[in-house]
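Here the structure is laid out as structure tokens; the discussion comes afterwards.
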Amino acid sequence: MADPTYSKSELMICVAARLFQDGTTAFIGTGIPMLAAMLAMKTHAPGVVPIFEFGGTGAQPTQLPNMVGGARTFERAIAASGICDIMEAAQRGFIDYGFIGGAQIDPFGNLNSTVIGAHDHPKARLPGSGGGNDVGSLCWKTVAIMLHDKRRFVPRLDFITTPGYLTGPGAREAVGLPKATGPVNVVSTLALMDYEPASCRMRLRATHPGVTVAEVIANTGFDLLIAEDVRVNEPPSVDELRLLRAEIDPERLYI
Amino acid sequence: MADPTYSKSELMICVAARLFQDGTTAFIGTGIPMLAAMLAMKTHAPGVVPIFEFGGTGAQPTQLPNMVGGARTFERAIAASGICDIMEAAQRGFIDYGFIGGAQIDPFGNLNSTVIGAHDHPKARLPGSGGGNDVGSLCWKTVAIMLHDKRRFVPRLDFITTPGYLTGPGAREAVGLPKATGPVNVVSTLALMDYEPASCRMRLRATHPGVTVAEVIANTGFDLLIAEDVRVNEPPSVDELRLLRAEIDPERLYI
Amino acid sequence: MNVIAQGQGELIQPPDLEAFREWNRTRKARQLVDKVMTEAEAVAQFVADGCYIGTELYGTVRCPMSLTREVIRQRKKNLRVCGQGVLELDLWLAAGLVSQLDLTYVGLEVFGTSHALRRAVEAGAVTCVEWSNGAIAWRMKAAAMGVPFIPTRAMLGSDTLAHSAAIVATDPFTGAPVCLLPALILDVGLIHVHRADRFGNAQIDGITGFAFEMARACKRLILSAEEIIATDEIRAHPDRTIIPYYLVDAVVPAPFGAHPGEMAYCYERDDAVYREWIAASVTAEGALAYLAKYVDRVPDHRAYLDLIGEQRLAELRVA
Amino acid sequence: MNVIAQGQGELIQPPDLEAFREWNRTRKARQLVDKVMTEAEAVAQFVADGCYIGTELYGTVRCPMSLTREVIRQRKKNLRVCGQGVLELDLWLAAGLVSQLDLTYVGLEVFGTSHALRRAVEAGAVTCVEWSNGAIAWRMKAAAMGVPFIPTRAMLGSDTLAHSAAIVATDPFTGAPVCLLPALILDVGLIHVHRADRFGNAQIDGITGFAFEMARACKRLILSAEEIIATDEIRAHPDRTIIPYYLVDAVVPAPFGAHPGEMAYCYERDDAVYREWIAASVTAEGALAYLAKYVDRVPDHRAYLDLIGEQRLAELRVA
């Protein structure tokens, strides 16, 4: 049952949460991924193993983690180690999903979080890779969470911080990245995308409620592939909203 | 004051113990090095930091360690970690001395503890490197403790398990071993040797009490350099023997 | 194992393993020497202008903030810095102390980008060499292992690599391309721990971030500690020692030393002060006013804690 | 980074990082699955003839001896084994289970050389590739890191390297020669720990030897544990977890599982039984008689402990 009072953030969190597969390991970045992970663990995917880059594995936090190294990322965890152990677990193939963000994304799912403009004389200096490059390189599947507009969905990045499919099929393997890895979804403020397997190009899978395909296209700076059966994402359910508002983010810091 | 009742083992232990420098780190192998380290720490070198290859650093054991991974190697230690941490500390230059053994030694202090005869069809299979190669490669100074006879002090090894000076001056650096490292002493059942700096060849420094230079030469299978001022090692003192017998090895397992 | 490609970023701190070995042989006491001193003493003695410096873990989590502030108070110049940074690097950048960055992330997590970084980079005051978080940690790990480099399968194919100082080479065992990360030997590292003895034997509760690696990758290591404990406590649980004394040059007693960041099991993040920085740092003037209030007008960490107030600190404490 | 030299030893277990990643993706449950079973079940299920296997730490120190004996009881054949070994490898060699060795040390510490190794090698039954202790541990560390190799400055210039499968290459950052150690991915690892929960989350007290590295370098990992504890105890001290459950395939409750070796803080080495082996193993017949008595005639670890006797075990216990 839907609840019409939801915000855009709440919708994104719910769409992202539904991507979590029960019984998988997931590398969780700051912000929406944390909320989505907690929501998924409280709904369809209680067996998700949240992994945080500075060492928390399998936490059962009673409160929303607000920093990737914070105490809540290893509250009642099964292990608290360090960044090398976590990144090496990813490098060995133990981390199924990575949830990351970026300032810009291109049709192949490459992400830019480093600079707008030239690297040495940028128009805007952004935070840099952080763990993004490691996650995009080493996890099996990555999900990007993005604001959706033409300045962010661009045909060509100023800087590839984190590899998606690079220049297309086979490119990841050719440069030495682990086989059979890469981006699988984008959750944006407008829609849910995946990648067309043959071309490795981004494809519209489902629009958010009230958003038209034309709107998504108009807000995308490159030729977005359109799935034959574009669906509409389910709005947040009453239960999802209750969990988000009452249990996950009662102080409404993010939602 | 000397005590004439000492055994050959006790003498070797005492000669080896006197080589420990106070305030240095020392990688301690099984057997005589353990006894020598404990004796040194109870006499002139209380500030020696004993380091054991499987993780014990700075232990204050109440009983003689009898295994390099045994609980006594980290009893009241300042750290108990693992083999990688220890070997990496050596690789970073933190371990001043290494005390090791071998079945054969050559004039350049190379050690064999792997095979007698051809590797693939040996006359005798020996234990192998263990930590020996790491110690001989990575510690600043190594001291070998050896039985002294012509079958053990040989002109050419069947197998270089652990590098000494290899083929002579500059050879260690040329193969990529850390600079300014190498063997400094041999404590044998007959004498104390060092290495002549210019040639990196083994040199007789001091005979054990009652052993002549001629005897040492006769029991050495290569041309041993002879120091201009060959001394005679002090026999075990009353105090050294008391410590060895009453405190360090009261069960007389080794002495 | 041929070199296939090479990042065009400057290797800001080229590793010299032989010099590091010699340093570790001659400049690190094997004896148990009392190293307790104040922030002012430690920074004055061990942090030089132009040095290559890093902090662990990051500004809002178990970060040596009392030391970070003292570096500003003493206005160390032309620092070359590695790291992700939240708050701590922001403060240094705002204070104009930094000239070069081995950068992986400087930002404010969910609160957005760093205004101090943007101003510094866009003004050309700071040059950046790019790395991933894993890469910076592995570079310290290589130094900690005493080896010249560590391979990784991250970084490949990205502009992060192109603007780093990493090398892509052919793995001689498999023929596949692999990224080689040069060892990172820091001149100075700052680490905040839960407890240490007077000699520097240190314990950390919870995640260890990259404390293990950084502690072993520094020529000088300044620890700050919530609590100074007896060496007997260290010796009673030697498997808890993540940093043994011989790596350490200074031990600074610093209760609430990570404030306004959190310290797991001890105290939570002080959101009020953190948000004050976030708001203030939008402008250069605001950032300087924050520094004046929280750094320059308080002579030391004790005065800083007085400024925060005992009542507020008590509220932050975890039961 | 040119290859300067190459060890002539066989690379007994060539690392396939992609296959290891795929294994770790598909064959290691992310869920908390109860993995408690007996030695017999674990060895039957996870140790195959011809597999590449290793034990941690070593025969007289925190070694999985109850599992080691079960491997003999089930007469697994043509094992390819890495390691230093004291007693555990001796038993396998004497039982004729081993065909290839990545050898660093097989001996009896102060009690001298291994007669079982000598007999096996001199008879041509076992081939040996040589490594240092550090090298074997670093090879596991490379696998644990998910990288194809790790550099080291050990091994260089020695016949140990010449009879290994290591490569000497030029460091592209400094031009100096460096030894590259290929990652060692084991088919099966056996590790004995102080305590684990039913899912495999494990804690070790005191030194960790190479448990951290080996646990992360195995396709199959069998843990034996002195004590099975509740997962709540694991979650109360997550920084004590050296082996997280997802690495683990079997958890075997095994009090006195390291006997006749010691277990720090639990029990001391049983010198009588150890010396019995040392004396027996001088001859092939003696060794087989020992195996008959301590392995084949006792059906399981419980029966083994009965053979040793409660009184003797009580004597070995540390207060």
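Simple scheme: letters A, B, ... for chains in structure tokens order, numbers from 1 for residues in each chain, numbers from 1 for ligands in the order shown.
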Which residues come within 9 Å of range 43-60 of chain B, counting only C-alpha atoms, excluding same-chain residues fewer than 3 positions away, as a JSON list (two decimals) with N, CA, C and O atoms, in the first residue's frame?
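What ended up in around_14.json:
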```json
[["chain", "number", "residue", "atom", "x", "y", "z"],
["B", 17, "ALA", "N", 76.11, -15.28, 24.43],
["B", 17, "ALA", "CA", 75.39, -14.29, 25.24],
["B", 17, "ALA", "C", 76.14, -12.97, 25.27],
["B", 17, "ALA", "O", 75.55, -11.89, 25.24],
["B", 18, "ARG", "N", 77.47, -13.06, 25.33],
["B", 18, "ARG", "CA", 78.26, -11.83, 25.43],
["B", 18, "ARG", "C", 78.19, -11.00, 24.16],
["B", 18, "ARG", "O", 78.57, -9.83, 24.16],
["B", 20, "PHE", "N", 75.42, -10.29, 22.65],
["B", 20, "PHE", "CA", 74.21, -9.45, 22.69],
["B", 20, "PHE", "C", 74.58, -8.06, 23.16],
["B", 20, "PHE", "O", 75.27, -7.91, 24.16],
["B", 21, "GLN", "N", 74.12, -7.04, 22.44],
["B", 21, "GLN", "CA", 74.36, -5.66, 22.83],
["B", 21, "GLN", "C", 73.12, -5.16, 23.55],
["B", 21, "GLN", "O", 72.00, -5.31, 23.04],
["B", 22, "ASP", "N", 73.34, -4.52, 24.67],
["B", 22, "ASP", "CA", 72.20, -3.99, 25.41],
["B", 22, "ASP", "C", 71.46, -2.96, 24.56],
["B", 22, "ASP", "O", 72.07, -2.21, 23.78],
["B", 23, "GLY", "N", 70.14, -2.95, 24.71],
["B", 23, "GLY", "CA", 69.34, -1.96, 23.99],
["B", 23, "GLY", "C", 69.21, -2.24, 22.50],
["B", 23, "GLY", "O", 68.97, -1.32, 21.71],
["B", 24, "THR", "N", 69.39, -3.50, 22.11],
["B", 24, "THR", "CA", 69.18, -3.84, 20.70],
["B", 24, "THR", "C", 68.05, -4.86, 20.59],
["B", 24, "THR", "O", 67.70, -5.52, 21.56],
["B", 25, "THR", "N", 67.52, -4.96, 19.39],
["B", 25, "THR", "CA", 66.53, -5.99, 19.09],
["B", 25, "THR", "C", 67.26, -7.20, 18.52],
["B", 25, "THR", "O", 68.20, -7.07, 17.75],
["B", 26, "ALA", "N", 66.79, -8.38, 18.92],
["B", 26, "ALA", "CA", 67.47, -9.60, 18.48],
["B", 26, "ALA", "C", 66.45, -10.66, 18.12],
["B", 26, "ALA", "O", 65.57, -11.00, 18.93],
["B", 27, "PHE", "N", 66.57, -11.17, 16.93],
["B", 27, "PHE", "CA", 65.72, -12.25, 16.44],
["B", 27, "PHE", "C", 66.31, -13.55, 16.99],
["B", 27, "PHE", "O", 67.47, -13.87, 16.75],
["B", 28, "ILE", "N", 65.49, -14.29, 17.71],
["B", 28, "ILE", "CA", 65.99, -15.44, 18.47],
["B", 28, "ILE", "C", 65.45, -16.73, 17.89],
["B", 28, "ILE", "O", 64.24, -16.96, 17.85],
["B", 29, "GLY", "N", 66.36, -17.59, 17.42],
["B", 29, "GLY", "CA", 65.96, -18.92, 16.96],
["B", 29, "GLY", "C", 65.90, -19.90, 18.13],
["B", 29, "GLY", "O", 66.22, -19.56, 19.28],
["B", 34, "MET", "N", 68.15, -19.00, 22.38],
["B", 34, "MET", "CA", 67.22, -18.69, 23.46],
["B", 34, "MET", "C", 67.93, -18.64, 24.81],
["B", 34, "MET", "O", 67.68, -17.73, 25.61],
["B", 37, "ALA", "N", 70.18, -15.54, 24.88],
["B", 37, "ALA", "CA", 69.40, -14.30, 25.06],
["B", 37, "ALA", "C", 69.01, -14.14, 26.51],
["B", 37, "ALA", "O", 69.13, -13.06, 27.10],
["B", 38, "MET", "N", 68.52, -15.22, 27.12],
["B", 38, "MET", "CA", 68.10, -15.11, 28.52],
["B", 38, "MET", "C", 69.28, -14.80, 29.42],
["B", 38, "MET", "O", 69.17, -14.00, 30.35],
["B", 39, "LEU", "N", 70.43, -15.42, 29.12],
["B", 39, "LEU", "CA", 71.61, -15.14, 29.94],
["B", 39, "LEU", "C", 72.04, -13.67, 29.77],
["B", 39, "LEU", "O", 72.33, -12.98, 30.76],
["B", 40, "ALA", "N", 72.04, -13.21, 28.55],
["B", 40, "ALA", "CA", 72.43, -11.81, 28.30],
["B", 40, "ALA", "C", 71.50, -10.85, 29.04],
["B", 40, "ALA", "O", 71.94, -9.88, 29.66],
["B", 63, "GLN", "N", 60.15, -18.65, 32.21],
["B", 63, "GLN", "CA", 60.82, -19.92, 31.91],
["B", 63, "GLN", "C", 61.41, -19.86, 30.52],
["B", 63, "GLN", "O", 60.92, -19.14, 29.64],
["B", 68, "VAL", "N", 59.87, -21.56, 19.01],
["B", 68, "VAL", "CA", 59.83, -20.17, 18.55],
["B", 68, "VAL", "C", 58.41, -19.61, 18.49],
["B", 68, "VAL", "O", 58.22, -18.42, 18.33],
["B", 69, "GLY", "N", 57.41, -20.48, 18.59],
["B", 69, "GLY", "CA", 56.04, -19.99, 18.64],
["B", 69, "GLY", "C", 55.39, -20.25, 19.98],
["B", 69, "GLY", "O", 54.20, -20.00, 20.14],
["B", 70, "GLY", "N", 56.14, -20.74, 20.93],
["B", 70, "GLY", "CA", 55.58, -21.15, 22.20],
["B", 70, "GLY", "C", 55.10, -19.98, 23.05],
["B", 70, "GLY", "O", 55.48, -18.83, 22.82],
["B", 71, "ALA", "N", 54.27, -20.30, 24.02],
["B", 71, "ALA", "CA", 53.66, -19.27, 24.86],
["B", 71, "ALA", "C", 54.73, -18.44, 25.58],
["B", 71, "ALA", "O", 54.50, -17.26, 25.86],
["B", 72, "ARG", "N", 55.87, -19.05, 25.87],
["B", 72, "ARG", "CA", 56.90, -18.29, 26.60],
["B", 72, "ARG", "C", 57.53, -17.21, 25.74],
["B", 72, "ARG", "O", 58.17, -16.30, 26.26],
["B", 73, "THR", "N", 57.37, -17.29, 24.44],
["B", 73, "THR", "CA", 57.95, -16.25, 23.57],
["B", 73, "THR", "C", 57.11, -14.98, 23.58],
["B", 73, "THR", "O", 57.53, -13.97, 23.02],
["B", 74, "PHE", "N", 55.93, -15.05, 24.20],
["B", 74, "PHE", "CA", 55.16, -13.80, 24.33],
["B", 74, "PHE", "C", 54.62, -13.63, 25.74],
["B", 74, "PHE", "O", 53.65, -12.91, 25.96],
["B", 75, "GLU", "N", 55.26, -14.27, 26.69],
["B", 75, "GLU", "CA", 54.89, -14.09, 28.09],
["B", 75, "GLU", "C", 55.32, -12.70, 28.55],
["B", 75, "GLU", "O", 56.48, -12.34, 28.42],
["B", 76, "ARG", "N", 54.39, -11.95, 29.06],
["B", 76, "ARG", "CA", 54.66, -10.56, 29.46],
["B", 76, "ARG", "C", 55.38, -9.79, 28.34],
["B", 76, "ARG", "O", 56.24, -8.95, 28.58],
["B", 77, "ALA", "N", 54.98, -10.09, 27.10],
["B", 77, "ALA", "CA", 55.57, -9.40, 25.95],
["B", 77, "ALA", "C", 54.94, -8.02, 25.79],
["B", 77, "ALA", "O", 53.87, -7.74, 26.36],
["B", 78, "ILE", "N", 55.59, -7.18, 25.03],
["B", 78, "ILE", "CA", 54.97, -5.89, 24.73],
["B", 78, "ILE", "C", 54.05, -6.01, 23.52],
["B", 78, "ILE", "O", 53.17, -5.19, 23.32],
["B", 79, "ALA", "N", 54.25, -7.06, 22.72],
["B", 79, "ALA", "CA", 53.33, -7.29, 21.61],
["B", 79, "ALA", "C", 53.35, -8.77, 21.24],
["B", 79, "ALA", "O", 54.38, -9.43, 21.34],
["B", 80, "ALA", "N", 52.19, -9.27, 20.84],
["B", 80, "ALA", "CA", 52.06, -10.62, 20.29],
["B", 80, "ALA", "C", 51.33, -10.48, 18.97],
["B", 80, "ALA", "O", 50.13, -10.25, 18.95],
["B", 81, "SER", "N", 52.06, -10.58, 17.88],
["B", 81, "SER", "CA", 51.45, -10.40, 16.57],
["B", 81, "SER", "C", 51.64, -11.67, 15.75],
["B", 81, "SER", "O", 51.33, -12.75, 16.24],
["B", 82, "GLY", "N", 52.13, -11.59, 14.54],
["B", 82, "GLY", "CA", 52.28, -12.78, 13.71],
["B", 82, "GLY", "C", 53.56, -12.73, 12.90],
["B", 82, "GLY", "O", 54.34, -11.77, 12.99],
["B", 83, "ILE", "N", 53.79, -13.76, 12.13],
["B", 83, "ILE", "CA", 55.07, -13.88, 11.43],
["B", 83, "ILE", "C", 55.26, -12.75, 10.43],
["B", 83, "ILE", "O", 56.37, -12.23, 10.28],
["B", 84, "CYS", "N", 54.22, -12.34, 9.74],
["B", 84, "CYS", "CA", 54.41, -11.27, 8.75],
["B", 84, "CYS", "C", 54.87, -9.99, 9.43],
["B", 84, "CYS", "O", 55.79, -9.32, 8.96],
["B", 85, "ASP", "N", 54.24, -9.65, 10.55],
["B", 85, "ASP", "CA", 54.62, -8.43, 11.26],
["B", 85, "ASP", "C", 56.09, -8.48, 11.67],
["B", 85, "ASP", "O", 56.81, -7.48, 11.54],
["B", 86, "ILE", "N", 56.54, -9.63, 12.14],
["B", 86, "ILE", "CA", 57.94, -9.76, 12.57],
["B", 86, "ILE", "C", 58.89, -9.67, 11.39],
["B", 86, "ILE", "O", 59.88, -8.92, 11.42],
["B", 87, "MET", "N", 58.62, -10.44, 10.35],
["B", 87, "MET", "CA", 59.53, -10.43, 9.20],
["B", 87, "MET", "C", 59.54, -9.06, 8.53],
["B", 87, "MET", "O", 60.56, -8.63, 7.98],
["B", 95, "ILE", "N", 65.31, -4.90, 13.15],
["B", 95, "ILE", "CA", 65.92, -5.97, 13.94],
["B", 95, "ILE", "C", 67.43, -5.93, 13.75],
["B", 95, "ILE", "O", 67.95, -6.07, 12.64],
["B", 131, "GLY", "N", 63.01, -19.72, 9.18],
["B", 131, "GLY", "CA", 63.20, -18.28, 9.13],
["B", 131, "GLY", "C", 64.62, -17.86, 8.80],
["B", 131, "GLY", "O", 64.91, -16.67, 8.71],
["B", 239, "ASP", "N", 78.98, -16.70, 38.04],
["B", 239, "ASP", "CA", 77.66, -16.11, 37.99],
["B", 239, "ASP", "C", 76.90, -16.58, 36.75],
["B", 239, "ASP", "O", 75.71, -16.91, 36.82],
["B", 240, "GLU", "N", 77.58, -16.62, 35.61],
["B", 240, "GLU", "CA", 76.93, -17.09, 34.38],
["B", 240, "GLU", "C", 76.43, -18.53, 34.55],
["B", 240, "GLU", "O", 75.31, -18.86, 34.17],
["B", 243, "LEU", "N", 73.40, -18.74, 36.82],
["B", 243, "LEU", "CA", 72.18, -18.31, 36.15],
["B", 243, "LEU", "C", 71.70, -19.39, 35.17],
["B", 243, "LEU", "O", 70.51, -19.71, 35.12],
["C", 30, "ARG", "N", 65.39, 1.33, 20.96],
["C", 30, "ARG", "CA", 64.91, 0.00, 21.34],
["C", 30, "ARG", "C", 64.56, -0.03, 22.83],
["C", 30, "ARG", "O", 63.83, -0.92, 23.27],
["C", 31, "GLN", "N", 65.15, 0.88, 23.58],
["C", 31, "GLN", "CA", 64.86, 0.91, 25.01],
["C", 31, "GLN", "C", 63.47, 1.49, 25.28],
["C", 31, "GLN", "O", 62.94, 2.22, 24.46],
["C", 32, "LEU", "N", 62.96, 1.15, 26.44],
["C", 32, "LEU", "CA", 61.70, 1.75, 26.89],
["C", 32, "LEU", "C", 62.01, 3.13, 27.45],
["C", 32, "LEU", "O", 62.53, 3.26, 28.56],
["C", 235, "ARG", "N", 51.50, -5.59, 28.95],
["C", 235, "ARG", "CA", 52.12, -6.92, 28.99],
["C", 235, "ARG", "C", 51.11, -8.01, 29.36],
["C", 235, "ARG", "O", 51.32, -9.18, 29.05],
["C", 238, "PRO", "N", 49.33, -8.80, 25.46],
["C", 238, "PRO", "CA", 50.21, -8.34, 24.36],
["C", 238, "PRO", "C", 49.55, -8.45, 23.00],
["C", 238, "PRO", "O", 49.96, -7.77, 22.06],
["C", 244, "PRO", "N", 53.57, -1.13, 18.72],
["C", 244, "PRO", "CA", 54.59, -1.31, 19.76],
["C", 244, "PRO", "C", 55.44, -0.06, 19.93],
["C", 244, "PRO", "O", 55.60, 0.72, 18.99],
["D", 57, "LEU", "N", 49.51, -23.43, 13.16],
["D", 57, "LEU", "CA", 50.73, -22.66, 13.20],
["D", 57, "LEU", "C", 51.89, -23.62, 12.95],
["D", 57, "LEU", "O", 52.53, -23.57, 11.93],
["D", 133, "ASN", "N", 60.49, -19.12, 5.60],
["D", 133, "ASN", "CA", 59.25, -18.99, 6.38],
["D", 133, "ASN", "C", 58.51, -17.71, 6.01],
["D", 133, "ASN", "O", 57.29, -17.72, 5.83],
["D", 134, "GLY", "N", 59.25, -16.61, 5.94],
["D", 134, "GLY", "CA", 58.62, -15.36, 5.56],
["D", 134, "GLY", "C", 57.98, -15.47, 4.19],
["D", 134, "GLY", "O", 56.86, -15.00, 3.97],
["D", 206, "GLY", "N", 46.92, -14.44, 22.07],
["D", 206, "GLY", "CA", 48.37, -14.46, 21.92],
["D", 206, "GLY", "C", 48.77, -14.27, 20.46],
["D", 206, "GLY", "O", 48.03, -13.65, 19.69],
["D", 207, "ILE", "N", 49.92, -14.81, 20.10],
["D", 207, "ILE", "CA", 50.39, -14.61, 18.72],
["D", 207, "ILE", "C", 49.43, -15.28, 17.74],
["D", 207, "ILE", "O", 48.79, -16.28, 18.05],
["D", 208, "THR", "N", 49.37, -14.69, 16.56],
["D", 208, "THR", "CA", 48.46, -15.22, 15.54],
["D", 208, "THR", "C", 49.20, -15.96, 14.43],
["D", 208, "THR", "O", 48.55, -16.44, 13.49],
["D", 209, "GLY", "N", 50.51, -16.11, 14.54],
["D", 209, "GLY", "CA", 51.26, -16.89, 13.56],
["D", 209, "GLY", "C", 50.96, -16.41, 12.15],
["D", 209, "GLY", "O", 51.27, -15.27, 11.80],
["D", 210, "PHE", "N", 50.37, -17.25, 11.34],
["D", 210, "PHE", "CA", 49.91, -16.80, 10.01],
["D", 210, "PHE", "C", 48.46, -17.17, 9.79],
["D", 210, "PHE", "O", 48.01, -17.36, 8.66]]
```
Would you kindly return, as a VMD selection string, each protein, DNA or RNA residue with an atom no farther than 6 Å from any atom of range 208-214 of chain B, considering only C-alpha atoms and excluding same-chain residues fewer than 6 positions away?
chain B and resid 190 to 191 232 to 233
Selected residues written out, N, CA, C and O atoms, as a CSV table (one decimal), in the first residue's frame:
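Contents of part21.csv, freshly written:
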```csv
chain,number,residue,atom,x,y,z
B,190,LEU,N,84.5,-24.5,18.9
B,190,LEU,CA,85.9,-24.3,19.2
B,190,LEU,C,86.3,-22.9,19.4
B,190,LEU,O,87.3,-22.6,20.0
B,191,ALA,N,85.5,-22.0,18.8
B,191,ALA,CA,86.1,-20.6,18.7
B,191,ALA,C,85.0,-19.6,18.4
B,191,ALA,O,83.9,-19.9,18.1
B,232,VAL,N,91.7,-15.4,23.8
B,232,VAL,CA,91.1,-16.7,24.3
B,232,VAL,C,89.8,-16.2,25.0
B,232,VAL,O,89.8,-15.3,25.7
B,233,ASN,N,88.7,-16.9,24.6
B,233,ASN,CA,87.4,-16.5,25.2
B,233,ASN,C,87.4,-16.8,26.7
B,233,ASN,O,88.0,-17.8,27.2
```
Distance cut-off 7 Å, counting only C-alpha atoms - which residues of chain D neighbour chain C? Return them as a ChimeraX atom specification.
/D:1-3,147,150-152,205-207,238-239
For the selection you just gave me, I'd like the residues written to a file as a compact mmCIF listing (two decimals), in the first residue's frame, keeping all heavy atoms.
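See out13.txt below for the written result:
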```
# COMPACT_ATOMS: atom_id res chain seq x y z
N MET D 1 60.40 -3.04 -15.67
CA MET D 1 60.46 -4.10 -14.65
C MET D 1 60.72 -5.44 -15.31
O MET D 1 59.83 -6.28 -15.46
CB MET D 1 59.15 -4.16 -13.89
CG MET D 1 59.25 -5.05 -12.67
SD MET D 1 57.91 -4.71 -11.55
CE MET D 1 58.43 -5.68 -10.14
N ASN D 2 61.96 -5.63 -15.71
CA ASN D 2 62.32 -6.85 -16.42
C ASN D 2 62.61 -7.97 -15.45
O ASN D 2 63.10 -7.75 -14.35
CB ASN D 2 63.56 -6.59 -17.28
CG ASN D 2 63.25 -5.56 -18.34
OD1 ASN D 2 62.25 -5.65 -19.03
ND2 ASN D 2 64.11 -4.55 -18.42
N VAL D 3 62.31 -9.17 -15.90
CA VAL D 3 62.65 -10.35 -15.10
C VAL D 3 64.14 -10.60 -15.22
O VAL D 3 64.68 -10.72 -16.32
CB VAL D 3 61.84 -11.57 -15.58
CG1 VAL D 3 62.34 -12.84 -14.91
CG2 VAL D 3 60.35 -11.35 -15.29
N VAL D 147 46.02 -10.32 -4.67
CA VAL D 147 46.97 -9.83 -5.69
C VAL D 147 47.86 -10.98 -6.15
O VAL D 147 48.04 -11.97 -5.44
CB VAL D 147 47.83 -8.66 -5.15
CG1 VAL D 147 46.93 -7.47 -4.81
CG2 VAL D 147 48.67 -9.06 -3.95
N ILE D 150 53.69 -10.69 -4.19
CA ILE D 150 54.17 -9.70 -3.23
C ILE D 150 55.68 -9.63 -3.37
O ILE D 150 56.33 -10.66 -3.51
CB ILE D 150 53.76 -10.09 -1.79
CG1 ILE D 150 52.44 -9.41 -1.44
CG2 ILE D 150 54.82 -9.74 -0.78
CD1 ILE D 150 51.99 -9.64 -0.02
N PRO D 151 56.24 -8.42 -3.36
CA PRO D 151 57.70 -8.33 -3.40
C PRO D 151 58.32 -8.54 -2.03
O PRO D 151 57.68 -8.32 -1.01
CB PRO D 151 57.96 -6.89 -3.88
CG PRO D 151 56.71 -6.13 -3.62
CD PRO D 151 55.59 -7.10 -3.37
N THR D 152 59.55 -9.00 -2.03
CA THR D 152 60.32 -9.08 -0.78
C THR D 152 61.78 -8.86 -1.11
O THR D 152 62.22 -9.04 -2.25
CB THR D 152 60.15 -10.44 -0.08
OG1 THR D 152 61.00 -10.47 1.09
CG2 THR D 152 60.60 -11.59 -0.98
N ASP D 205 44.02 -16.19 21.03
CA ASP D 205 44.72 -15.44 22.08
C ASP D 205 46.23 -15.55 21.86
O ASP D 205 46.73 -16.63 21.54
CB ASP D 205 44.38 -16.01 23.46
CG ASP D 205 42.89 -15.87 23.79
OD1 ASP D 205 42.22 -15.03 23.18
OD2 ASP D 205 42.42 -16.61 24.67
N GLY D 206 46.92 -14.44 22.07
CA GLY D 206 48.37 -14.46 21.92
C GLY D 206 48.77 -14.27 20.46
O GLY D 206 48.03 -13.65 19.69
N ILE D 207 49.92 -14.81 20.10
CA ILE D 207 50.39 -14.61 18.72
C ILE D 207 49.43 -15.28 17.74
O ILE D 207 48.79 -16.28 18.05
CB ILE D 207 51.82 -15.16 18.51
CG1 ILE D 207 51.91 -16.67 18.80
CG2 ILE D 207 52.83 -14.38 19.32
CD1 ILE D 207 53.22 -17.29 18.35
N PRO D 238 33.96 -7.32 18.53
CA PRO D 238 34.24 -7.63 17.11
C PRO D 238 35.70 -7.42 16.73
O PRO D 238 36.14 -7.99 15.73
CB PRO D 238 33.31 -6.66 16.35
CG PRO D 238 33.02 -5.57 17.32
CD PRO D 238 33.01 -6.21 18.68
N ASP D 239 36.42 -6.62 17.52
CA ASP D 239 37.83 -6.43 17.17
C ASP D 239 38.69 -7.65 17.53
O ASP D 239 39.86 -7.69 17.20
CB ASP D 239 38.41 -5.14 17.79
CG ASP D 239 38.18 -5.04 19.29
OD1 ASP D 239 37.75 -6.03 19.91
OD2 ASP D 239 38.43 -3.95 19.84
```
Polymer residues at most 6 Å from Val248 in chain D, only C-alpha atoms, same-chain spacing of 3 or more positions, as a list in words
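Close residues of Val248 in chain D: Gly200, Leu221 and Tyr245 of chain D.
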Any chance you can output those residues with N, CA and C atoms as an mmCIF file, in the first residue's frame?
```
data_model
loop_
_atom_site.group_PDB
_atom_site.id
_atom_site.type_symbol
_atom_site.label_atom_id
_atom_site.label_comp_id
_atom_site.auth_asym_id
_atom_site.auth_seq_id
_atom_site.Cartn_x
_atom_site.Cartn_y
_atom_site.Cartn_z
ATOM 1 N N GLY D 200 31.654 -19.909 12.559
ATOM 2 C CA GLY D 200 33.061 -19.828 12.185
ATOM 3 C C GLY D 200 33.753 -18.542 12.561
ATOM 4 N N LEU D 221 38.253 -23.836 4.300
ATOM 5 C CA LEU D 221 38.897 -23.591 5.586
ATOM 6 C C LEU D 221 38.170 -24.383 6.665
ATOM 7 N N TYR D 245 33.294 -15.451 9.853
ATOM 8 C CA TYR D 245 32.608 -16.690 9.473
ATOM 9 C C TYR D 245 32.592 -16.968 7.986
#
```
